[in-house]
$ cat work36.json   # JSON, C-alpha atoms
[["chain", "number", "residue", "atom", "x", "y", "z"],
["F", 1206, "MET", "CA", 9.89, 1.10, -4.56],
["F", 1207, "ILE", "CA", 6.74, 0.64, -2.53],
["F", 1208, "LEU", "CA", 6.06, -2.45, -0.47],
["F", 1209, "VAL", "CA", 2.66, -3.30, 0.98],
["F", 1210, "TYR", "CA", 1.78, -6.37, 2.98],
["F", 1211, "ASP", "CA", -1.25, -8.05, 4.44],
["F", 1212, "ILE", "CA", 0.03, -10.41, 7.10],
["F", 1213, "ASN", "CA", -1.73, -12.33, 9.84],
["F", 1214, "GLN", "CA", -1.51, -10.58, 13.20],
["F", 1215, "LYS", "CA", 0.57, -13.43, 14.62],
["F", 1216, "ARG", "CA", 3.34, -12.74, 12.14],
["F", 1217, "VAL", "CA", 2.94, -9.01, 11.44],
["F", 1218, "GLY", "CA", 5.39, -7.89, 14.12],
["F", 1219, "LYS", "CA", 8.18, -9.94, 12.57],
["F", 1220, "MET", "CA", 7.39, -8.60, 9.10],
["F", 1221, "LEU", "CA", 7.28, -5.00, 10.29],
["F", 1222, "LYS", "CA", 10.67, -5.36, 11.94],
["F", 1223, "LEU", "CA", 12.11, -6.94, 8.79],
["F", 1224, "CYS", "CA", 10.79, -4.29, 6.40],
["F", 1225, "ARG", "CA", 11.92, -1.44, 8.62],
["F", 1226, "ARG", "CA", 15.45, -2.73, 8.29],
["F", 1227, "TYR", "CA", 15.35, -1.98, 4.56],
["F", 1228, "LEU", "CA", 12.68, 0.66, 3.91],
["F", 1229, "HIS", "CA", 10.86, 3.66, 5.37],
["F", 1230, "TRP", "CA", 7.62, 2.92, 7.13],
["F", 1231, "ILE", "CA", 4.97, 5.30, 5.84],
["F", 1232, "GLN", "CA", 1.70, 3.70, 6.85],
["F", 1233, "ASN", "CA", 0.38, 0.75, 8.83],
["F", 1234, "SER", "CA", 1.50, -1.87, 6.31],
["F", 1235, "VAL", "CA", 3.15, 0.34, 3.69],
["F", 1236, "PHE", "CA", 6.83, 1.03, 3.15],
["F", 1237, "GLU", "CA", 8.81, 2.98, 0.61],
["F", 1238, "GLY", "CA", 12.43, 3.50, -0.23],
["F", 1239, "GLU", "CA", 15.25, 2.78, -2.58],
["F", 1240, "ILE", "CA", 16.86, -0.61, -2.31],
["F", 1241, "THR", "CA", 19.49, -2.47, -4.28],
["F", 1242, "ALA", "CA", 18.62, -5.70, -6.10],
["F", 1243, "VAL", "CA", 20.77, -7.65, -3.64],
["F", 1244, "LYS", "CA", 19.09, -6.14, -0.60],
["F", 1245, "LEU", "CA", 15.66, -6.73, -2.12],
["F", 1246, "LYS", "CA", 16.48, -10.39, -2.74],
["F", 1247, "GLU", "CA", 17.58, -10.65, 0.90],
["F", 1248, "LEU", "CA", 14.41, -8.96, 2.13],
["F", 1249, "LEU", "CA", 12.17, -11.20, 0.00],
["F", 1250, "ALA", "CA", 13.93, -14.38, 1.05],
["F", 1251, "THR", "CA", 13.41, -13.54, 4.72],
["F", 1252, "ALA", "CA", 9.84, -12.38, 4.08],
["F", 1253, "LYS", "CA", 8.97, -15.67, 2.39],
["F", 1254, "GLY", "CA", 10.16, -17.46, 5.51],
["F", 1255, "ILE", "CA", 7.74, -15.43, 7.61],
["F", 1256, "MET", "CA", 4.70, -15.65, 5.32],
["F", 1257, "HIS", "CA", 2.04, -18.37, 5.55],
["F", 1258, "ASP", "CA", -1.49, -19.11, 4.43],
["F", 1259, "TYR", "CA", -3.26, -16.00, 3.18],
["F", 1260, "ASP", "CA", -0.40, -13.60, 3.85],
["F", 1261, "SER", "CA", 0.37, -11.33, 0.94],
["F", 1262, "LEU", "CA", 3.17, -9.01, -0.09],
["F", 1263, "ILE", "CA", 3.12, -6.67, -3.08],
["F", 1264, "ILE", "CA", 6.00, -4.65, -4.44],
["F", 1265, "PHE", "CA", 5.76, -1.76, -6.90],
["F", 1266, "LYS", "CA", 8.99, -0.93, -8.63],
["F", 1267, "SER", "CA", 9.85, 1.79, -11.09],
["F", 1268, "ARG", "CA", 12.69, 2.17, -13.52],
["F", 1269, "ASP", "CA", 12.92, 5.90, -12.93],
["F", 1270, "ASN", "CA", 13.36, 7.59, -9.55],
["F", 1271, "LYS", "CA", 11.34, 10.58, -10.64],
["F", 1272, "TRP", "CA", 8.17, 8.68, -11.52],
["F", 1273, "LEU", "CA", 6.56, 9.01, -8.18],
["F", 1274, "GLU", "CA", 4.17, 11.64, -6.96],
["F", 1275, "LYS", "CA", 2.95, 10.94, -3.46],
["F", 1276, "GLU", "CA", -0.02, 12.57, -1.76],
["F", 1277, "VAL", "CA", -0.76, 11.96, 1.88],
["F", 1278, "TYR", "CA", -4.15, 12.66, 3.41],
["F", 1279, "GLY", "CA", -4.82, 12.50, 7.12],
["F", 1280, "ASN", "CA", -2.28, 11.18, 9.55],
["F", 1281, "GLU", "CA", 1.24, 10.46, 8.36],
["F", 1282, "LYS", "CA", 3.71, 8.24, 10.18],
["F", 1283, "ASN", "CA", 6.22, 10.50, 11.84],
["F", 1284, "ALA", "CA", 9.78, 10.57, 10.51],
["F", 1285, "ILE", "CA", 10.92, 9.27, 13.89],
["F", 1286, "ASP", "CA", 9.21, 5.99, 13.02],
["F", 1287, "THR", "CA", 11.85, 5.30, 10.42],
["F", 1288, "ILE", "CA", 14.71, 5.55, 12.88],
["F", 1289, "LEU", "CA", 15.67, 2.13, 14.12],
["P", 334, "MET", "CA", -2.24, 5.07, -9.43],
["P", 335, "ILE", "CA", -2.00, 3.20, -6.18],
["P", 336, "LEU", "CA", -4.09, 4.02, -3.15],
["P", 337, "VAL", "CA", -3.40, 2.71, 0.34],
["P", 338, "TYR", "CA", -5.32, 3.52, 3.47],
["P", 339, "ASP", "CA", -5.11, 2.93, 7.19],
["P", 340, "ILE", "CA", -8.58, 3.50, 8.55],
["P", 341, "ASN", "CA", -10.14, 2.74, 11.90],
["P", 342, "GLN", "CA", -12.17, -0.47, 11.86],
["P", 343, "LYS", "CA", -15.37, 1.47, 12.50],
["P", 344, "ARG", "CA", -15.00, 3.31, 9.21],
["P", 345, "VAL", "CA", -13.05, 0.86, 7.08],
["P", 346, "GLY", "CA", -16.13, -0.76, 5.52],
["P", 347, "LYS", "CA", -17.32, 2.56, 4.16],
["P", 348, "MET", "CA", -13.89, 3.36, 2.78],
["P", 349, "LEU", "CA", -13.52, -0.05, 1.14],
["P", 350, "LYS", "CA", -16.90, 0.36, -0.56],
["P", 351, "LEU", "CA", -15.95, 3.83, -1.77],
["P", 352, "CYS", "CA", -12.56, 2.86, -3.17],
["P", 353, "ARG", "CA", -13.95, -0.19, -4.92],
["P", 354, "ARG", "CA", -16.25, 2.10, -6.87],
["P", 355, "TYR", "CA", -13.21, 3.71, -8.50],
["P", 356, "LEU", "CA", -10.28, 1.28, -8.34],
["P", 357, "HIS", "CA", -9.28, -2.38, -8.29],
["P", 358, "TRP", "CA", -8.86, -3.93, -4.88],
["P", 359, "ILE", "CA", -5.54, -5.78, -4.80],
["P", 360, "GLN", "CA", -4.85, -6.25, -1.10],
["P", 361, "ASN", "CA", -6.46, -5.65, 2.30],
["P", 362, "SER", "CA", -6.13, -1.86, 2.15],
["P", 363, "VAL", "CA", -4.49, -1.42, -1.24],
["P", 364, "PHE", "CA", -6.09, -0.43, -4.54],
["P", 365, "GLU", "CA", -4.80, 0.27, -8.00],
["P", 366, "GLY", "CA", -6.16, 1.56, -11.23],
["P", 367, "GLU", "CA", -6.37, 4.39, -13.68],
["P", 368, "ILE", "CA", -8.65, 7.23, -12.77],
["P", 369, "THR", "CA", -9.39, 10.63, -14.25],
["P", 370, "ALA", "CA", -8.59, 13.81, -12.32],
["P", 371, "VAL", "CA", -12.30, 14.48, -11.90],
["P", 372, "LYS", "CA", -13.03, 11.02, -10.54],
["P", 373, "LEU", "CA", -10.05, 11.27, -8.19],
["P", 374, "LYS", "CA", -11.29, 14.59, -6.84],
["P", 375, "GLU", "CA", -14.68, 13.00, -6.27],
["P", 376, "LEU", "CA", -13.13, 10.00, -4.51],
["P", 377, "LEU", "CA", -10.95, 12.18, -2.28],
["P", 378, "ALA", "CA", -13.80, 14.50, -1.32],
["P", 379, "THR", "CA", -15.90, 11.53, -0.20],
["P", 380, "ALA", "CA", -12.91, 9.91, 1.52],
["P", 381, "LYS", "CA", -12.22, 13.06, 3.53],
["P", 382, "GLY", "CA", -15.78, 12.93, 4.77],
["P", 383, "ILE", "CA", -15.21, 9.40, 6.05],
["P", 384, "MET", "CA", -11.78, 9.93, 7.62],
["P", 385, "HIS", "CA", -11.21, 10.95, 11.24],
["P", 386, "ASP", "CA", -8.50, 11.06, 13.89],
["P", 387, "TYR", "CA", -5.53, 8.91, 12.92],
["P", 388, "ASP", "CA", -6.97, 7.66, 9.65],
["P", 389, "SER", "CA", -4.58, 7.96, 6.76],
["P", 390, "LEU", "CA", -4.75, 7.74, 2.97],
["P", 391, "ILE", "CA", -1.78, 7.76, 0.61],
["P", 392, "ILE", "CA", -1.86, 8.00, -3.16],
["P", 393, "PHE", "CA", 1.02, 7.24, -5.52],
["P", 394, "LYS", "CA", 0.62, 8.70, -8.97],
["P", 395, "SER", "CA", 2.80, 8.39, -12.02],
["P", 396, "ARG", "CA", 3.03, 10.51, -15.14],
["P", 397, "ASP", "CA", 3.65, 7.48, -17.32],
["P", 398, "ASN", "CA", 1.47, 4.38, -17.50],
["P", 399, "LYS", "CA", 4.47, 2.18, -18.17],
["P", 400, "TRP", "CA", 6.44, 3.05, -15.03],
["P", 401, "LEU", "CA", 4.99, 0.31, -12.92],
["P", 402, "GLU", "CA", 6.34, -3.12, -12.32],
["P", 403, "LYS", "CA", 4.29, -5.08, -9.82],
["P", 404, "GLU", "CA", 5.35, -8.24, -8.04],
["P", 405, "VAL", "CA", 2.94, -10.20, -5.89],
["P", 406, "TYR", "CA", 4.08, -12.71, -3.28],
["P", 407, "GLY", "CA", 1.72, -14.97, -1.44],
["P", 408, "ASN", "CA", -2.01, -14.62, -1.68],
["P", 409, "GLU", "CA", -3.49, -12.25, -4.24],
["P", 410, "LYS", "CA", -7.01, -10.90, -4.11],
["P", 411, "ASN", "CA", -8.98, -12.76, -6.69],
["P", 412, "ALA", "CA", -10.10, -10.92, -9.81],
["P", 413, "ILE", "CA", -13.68, -11.57, -8.74],
["P", 414, "ASP", "CA", -13.12, -9.12, -5.87],
["P", 415, "THR", "CA", -13.01, -6.27, -8.32],
["P", 416, "ILE", "CA", -16.46, -6.99, -9.71],
["P", 417, "LEU", "CA", -19.05, -4.87, -7.94]]
$ encode --input "work36.json" --output "structure tokens"
Amino acid sequence: MILVYDINQKRVGKMLKLCRRYLHWIQNSVFEGEITAVKLKELLATAKGIMHDYDSLIIFKSRDNKWLEKEVYGNEKNAIDTIL
Amino acid sequence: MILVYDINQKRVGKMLKLCRRYLHWIQNSVFEGEITAVKLKELLATAKGIMHDYDSLIIFKSRDNKWLEKEVYGNEKNAIDTIL
């Protein structure tokens, strides 16, 4: 799945830390990875506790692992970013 | 397809304007929509001209239109945002 958020600067650090616990960080506010339904529920519950006002979180899920073709242009977050 | 970018503030206005010509704006730096190969090539060529330094652009494409399940939490960009 892909997760993208748009979170107020005051809360973005918390959200980044949370999402990195479950997914790979691939761009400023974009994450990808495979996650179980239970883990996703956990992630969303915590995320909802962080979010306020105009904060937004979008998830794209697919039924098939092979659906996704990703193309990266310009700078890509280094693999080391995903190590906690 | 889904397009996400991470562009320096100096150039982000240009990029937003460009992407909105081709796709629907669904979050701060996230767009989605269907686009022909020709239009995508056009979009990417122009985007590359805008991008510098640490700017980044990621595209997620699928072979099947039905692959995508989207969930939105919190604030969603209003439909009026997609009208040019």
$ closest_atom_pairs --input "work36.json" --of "chain F" --to "chain P" --cutoff "8 Å" --atoms "only C-alpha atoms" --output "tab-separated table"
residue	atom	partner	partner_atom	distance
F:Val1209	CA	P:Val363	CA	7.7
F:Tyr1210	CA	P:Gln360	CA	7.8
F:Asp1211	CA	P:Asn361	CA	6.1
F:Gln1232	CA	P:Asp339	CA	6.9
F:Asn1233	CA	P:Asp339	CA	6.1
F:Val1235	CA	P:Val337	CA	7.7
F:Met1256	CA	P:Gly407	CA	7.4
F:His1257	CA	P:Gly407	CA	7.8
F:Asp1258	CA	P:Asn408	CA	7.6
F:Tyr1259	CA	P:Asn408	CA	5.2
F:Asp1260	CA	P:Asn408	CA	5.8
F:Ser1261	CA	P:Gly407	CA	4.6
F:Leu1262	CA	P:Tyr406	CA	5.0
F:Ile1263	CA	P:Val405	CA	4.5
F:Ile1264	CA	P:Glu404	CA	5.1
F:Phe1265	CA	P:Lys403	CA	4.7
F:Lys1266	CA	P:Glu402	CA	5.0
F:Ser1267	CA	P:Trp400	CA	5.4
F:Arg1268	CA	P:Trp400	CA	6.5
F:Asp1269	CA	P:Trp400	CA	7.4
F:Trp1272	CA	P:Ser395	CA	5.4
F:Leu1273	CA	P:Ser395	CA	5.4
F:Glu1274	CA	P:Lys394	CA	5.0
F:Lys1275	CA	P:Phe393	CA	4.7
F:Glu1276	CA	P:Ile392	CA	5.1
F:Val1277	CA	P:Ile391	CA	4.5
F:Tyr1278	CA	P:Leu390	CA	5.0
F:Gly1279	CA	P:Ser389	CA	4.6
F:Asn1280	CA	P:Ser389	CA	4.8
F:Glu1281	CA	P:Ser389	CA	6.5
$ write_last_selection --input "work36.json" --atoms "C-alpha atoms" --output "PDB file, in the coordinates of the input"
ATOM      1  CA  VAL F1209       2.660  -3.300   0.980  1.00  0.00           C
ATOM      2  CA  TYR F1210       1.780  -6.370   2.980  1.00  0.00           C
ATOM      3  CA  ASP F1211      -1.250  -8.050   4.440  1.00  0.00           C
ATOM      4  CA  GLN F1232       1.700   3.700   6.850  1.00  0.00           C
ATOM      5  CA  ASN F1233       0.380   0.750   8.830  1.00  0.00           C
ATOM      6  CA  VAL F1235       3.150   0.340   3.690  1.00  0.00           C
ATOM      7  CA  MET F1256       4.700 -15.650   5.320  1.00  0.00           C
ATOM      8  CA  HIS F1257       2.040 -18.370   5.550  1.00  0.00           C
ATOM      9  CA  ASP F1258      -1.490 -19.110   4.430  1.00  0.00           C
ATOM     10  CA  TYR F1259      -3.260 -16.000   3.180  1.00  0.00           C
ATOM     11  CA  ASP F1260      -0.400 -13.600   3.850  1.00  0.00           C
ATOM     12  CA  SER F1261       0.370 -11.330   0.940  1.00  0.00           C
ATOM     13  CA  LEU F1262       3.170  -9.010  -0.090  1.00  0.00           C
ATOM     14  CA  ILE F1263       3.120  -6.670  -3.080  1.00  0.00           C
ATOM     15  CA  ILE F1264       6.000  -4.650  -4.440  1.00  0.00           C
ATOM     16  CA  PHE F1265       5.760  -1.760  -6.900  1.00  0.00           C
ATOM     17  CA  LYS F1266       8.990  -0.930  -8.630  1.00  0.00           C
ATOM     18  CA  SER F1267       9.850   1.790 -11.090  1.00  0.00           C
ATOM     19  CA  ARG F1268      12.690   2.170 -13.520  1.00  0.00           C
ATOM     20  CA  ASP F1269      12.920   5.900 -12.930  1.00  0.00           C
ATOM     21  CA  TRP F1272       8.170   8.680 -11.520  1.00  0.00           C
ATOM     22  CA  LEU F1273       6.560   9.010  -8.180  1.00  0.00           C
ATOM     23  CA  GLU F1274       4.170  11.640  -6.960  1.00  0.00           C
ATOM     24  CA  LYS F1275       2.950  10.940  -3.460  1.00  0.00           C
ATOM     25  CA  GLU F1276      -0.020  12.570  -1.760  1.00  0.00           C
ATOM     26  CA  VAL F1277      -0.760  11.960   1.880  1.00  0.00           C
ATOM     27  CA  TYR F1278      -4.150  12.660   3.410  1.00  0.00           C
ATOM     28  CA  GLY F1279      -4.820  12.500   7.120  1.00  0.00           C
ATOM     29  CA  ASN F1280      -2.280  11.180   9.550  1.00  0.00           C
ATOM     30  CA  GLU F1281       1.240  10.460   8.360  1.00  0.00           C
TER      31      GLU F1281
END
$ atom_distance --input "work36.json" --atom1 "CA of His1229 in chain F" --atom2 "CA of Phe364 in chain P"
20.1 Å
$ atom_distance --input "work36.json" --atom1 "CA of Leu356 in chain P" --atom2 "CA of Asn341 in chain P"
20.3 Å
$ decode --input "work36.json" --residues "range 360-390 of chain P" --atoms "N, CA and C atoms" --output "short mmCIF file (atom, residue, chain, number, x, y, z; two decimals), in the first residue's frame"
data_model
loop_
_atom_site.label_atom_id
_atom_site.label_comp_id
_atom_site.auth_asym_id
_atom_site.auth_seq_id
_atom_site.Cartn_x
_atom_site.Cartn_y
_atom_site.Cartn_z
N GLN P 360 -4.32 15.98 -2.62
CA GLN P 360 -3.70 16.36 -1.36
C GLN P 360 -2.52 17.28 -1.68
N ASN P 361 -2.06 17.99 -0.69
CA ASN P 361 -0.95 18.92 -0.82
C ASN P 361 -0.04 18.68 -2.05
N SER P 362 0.59 17.54 -2.10
CA SER P 362 1.52 17.26 -3.20
C SER P 362 1.18 15.93 -3.87
N VAL P 363 -0.10 15.58 -3.86
CA VAL P 363 -0.54 14.30 -4.39
C VAL P 363 -1.64 14.49 -5.44
N PHE P 364 -1.50 13.80 -6.54
CA PHE P 364 -2.45 13.89 -7.65
C PHE P 364 -2.84 12.51 -8.10
N GLU P 365 -4.05 12.39 -8.65
CA GLU P 365 -4.41 11.11 -9.23
C GLU P 365 -5.24 11.33 -10.48
N GLY P 366 -5.27 10.33 -11.32
CA GLY P 366 -6.05 10.43 -12.52
C GLY P 366 -5.60 9.45 -13.57
N GLU P 367 -6.38 9.39 -14.64
CA GLU P 367 -5.98 8.58 -15.78
C GLU P 367 -5.37 9.50 -16.81
N ILE P 368 -4.35 9.02 -17.47
CA ILE P 368 -3.61 9.87 -18.39
C ILE P 368 -3.04 8.98 -19.49
N THR P 369 -3.06 9.45 -20.70
CA THR P 369 -2.49 8.67 -21.80
C THR P 369 -0.97 8.71 -21.74
N ALA P 370 -0.33 7.75 -22.40
CA ALA P 370 1.13 7.69 -22.42
C ALA P 370 1.73 8.98 -23.00
N VAL P 371 1.07 9.51 -24.00
CA VAL P 371 1.56 10.73 -24.65
C VAL P 371 1.49 11.92 -23.70
N LYS P 372 0.37 12.03 -23.02
CA LYS P 372 0.18 13.13 -22.06
C LYS P 372 1.17 13.01 -20.90
N LEU P 373 1.41 11.77 -20.47
CA LEU P 373 2.34 11.55 -19.37
C LEU P 373 3.75 11.96 -19.77
N LYS P 374 4.13 11.62 -20.98
CA LYS P 374 5.45 11.98 -21.50
C LYS P 374 5.61 13.51 -21.50
N GLU P 375 4.56 14.16 -21.93
CA GLU P 375 4.50 15.62 -21.99
C GLU P 375 4.66 16.22 -20.58
N LEU P 376 3.88 15.66 -19.66
CA LEU P 376 3.92 16.12 -18.26
C LEU P 376 5.33 15.94 -17.68
N LEU P 377 5.93 14.77 -17.90
CA LEU P 377 7.23 14.47 -17.33
C LEU P 377 8.33 15.35 -17.93
N ALA P 378 8.23 15.59 -19.23
CA ALA P 378 9.24 16.44 -19.89
C ALA P 378 9.21 17.84 -19.28
N THR P 379 8.01 18.37 -19.08
CA THR P 379 7.88 19.71 -18.49
C THR P 379 8.33 19.70 -17.03
N ALA P 380 7.96 18.63 -16.32
CA ALA P 380 8.33 18.51 -14.90
C ALA P 380 9.84 18.49 -14.74
N LYS P 381 10.52 17.76 -15.60
CA LYS P 381 11.99 17.68 -15.52
C LYS P 381 12.64 19.04 -15.72
N GLY P 382 11.98 19.87 -16.51
CA GLY P 382 12.49 21.22 -16.72
C GLY P 382 12.33 22.09 -15.48
N ILE P 383 11.37 21.75 -14.65
CA ILE P 383 11.11 22.53 -13.42
C ILE P 383 12.02 22.05 -12.28
N MET P 384 12.25 20.74 -12.22
CA MET P 384 12.95 20.14 -11.08
C MET P 384 14.45 20.44 -11.01
N HIS P 385 14.92 20.61 -9.79
CA HIS P 385 16.34 20.84 -9.53
C HIS P 385 16.72 20.16 -8.23
N ASP P 386 18.05 20.06 -8.01
CA ASP P 386 18.61 19.65 -6.73
C ASP P 386 17.90 18.44 -6.12
N TYR P 387 17.31 18.63 -4.96
CA TYR P 387 16.72 17.52 -4.22
C TYR P 387 15.24 17.29 -4.54
N ASP P 388 14.74 17.97 -5.54
CA ASP P 388 13.34 17.77 -5.92
C ASP P 388 13.11 16.32 -6.32
N SER P 389 11.93 15.84 -6.05
CA SER P 389 11.63 14.45 -6.35
C SER P 389 10.19 14.29 -6.83
N LEU P 390 10.01 13.34 -7.72
CA LEU P 390 8.68 13.07 -8.30
C LEU P 390 8.52 11.56 -8.40
#
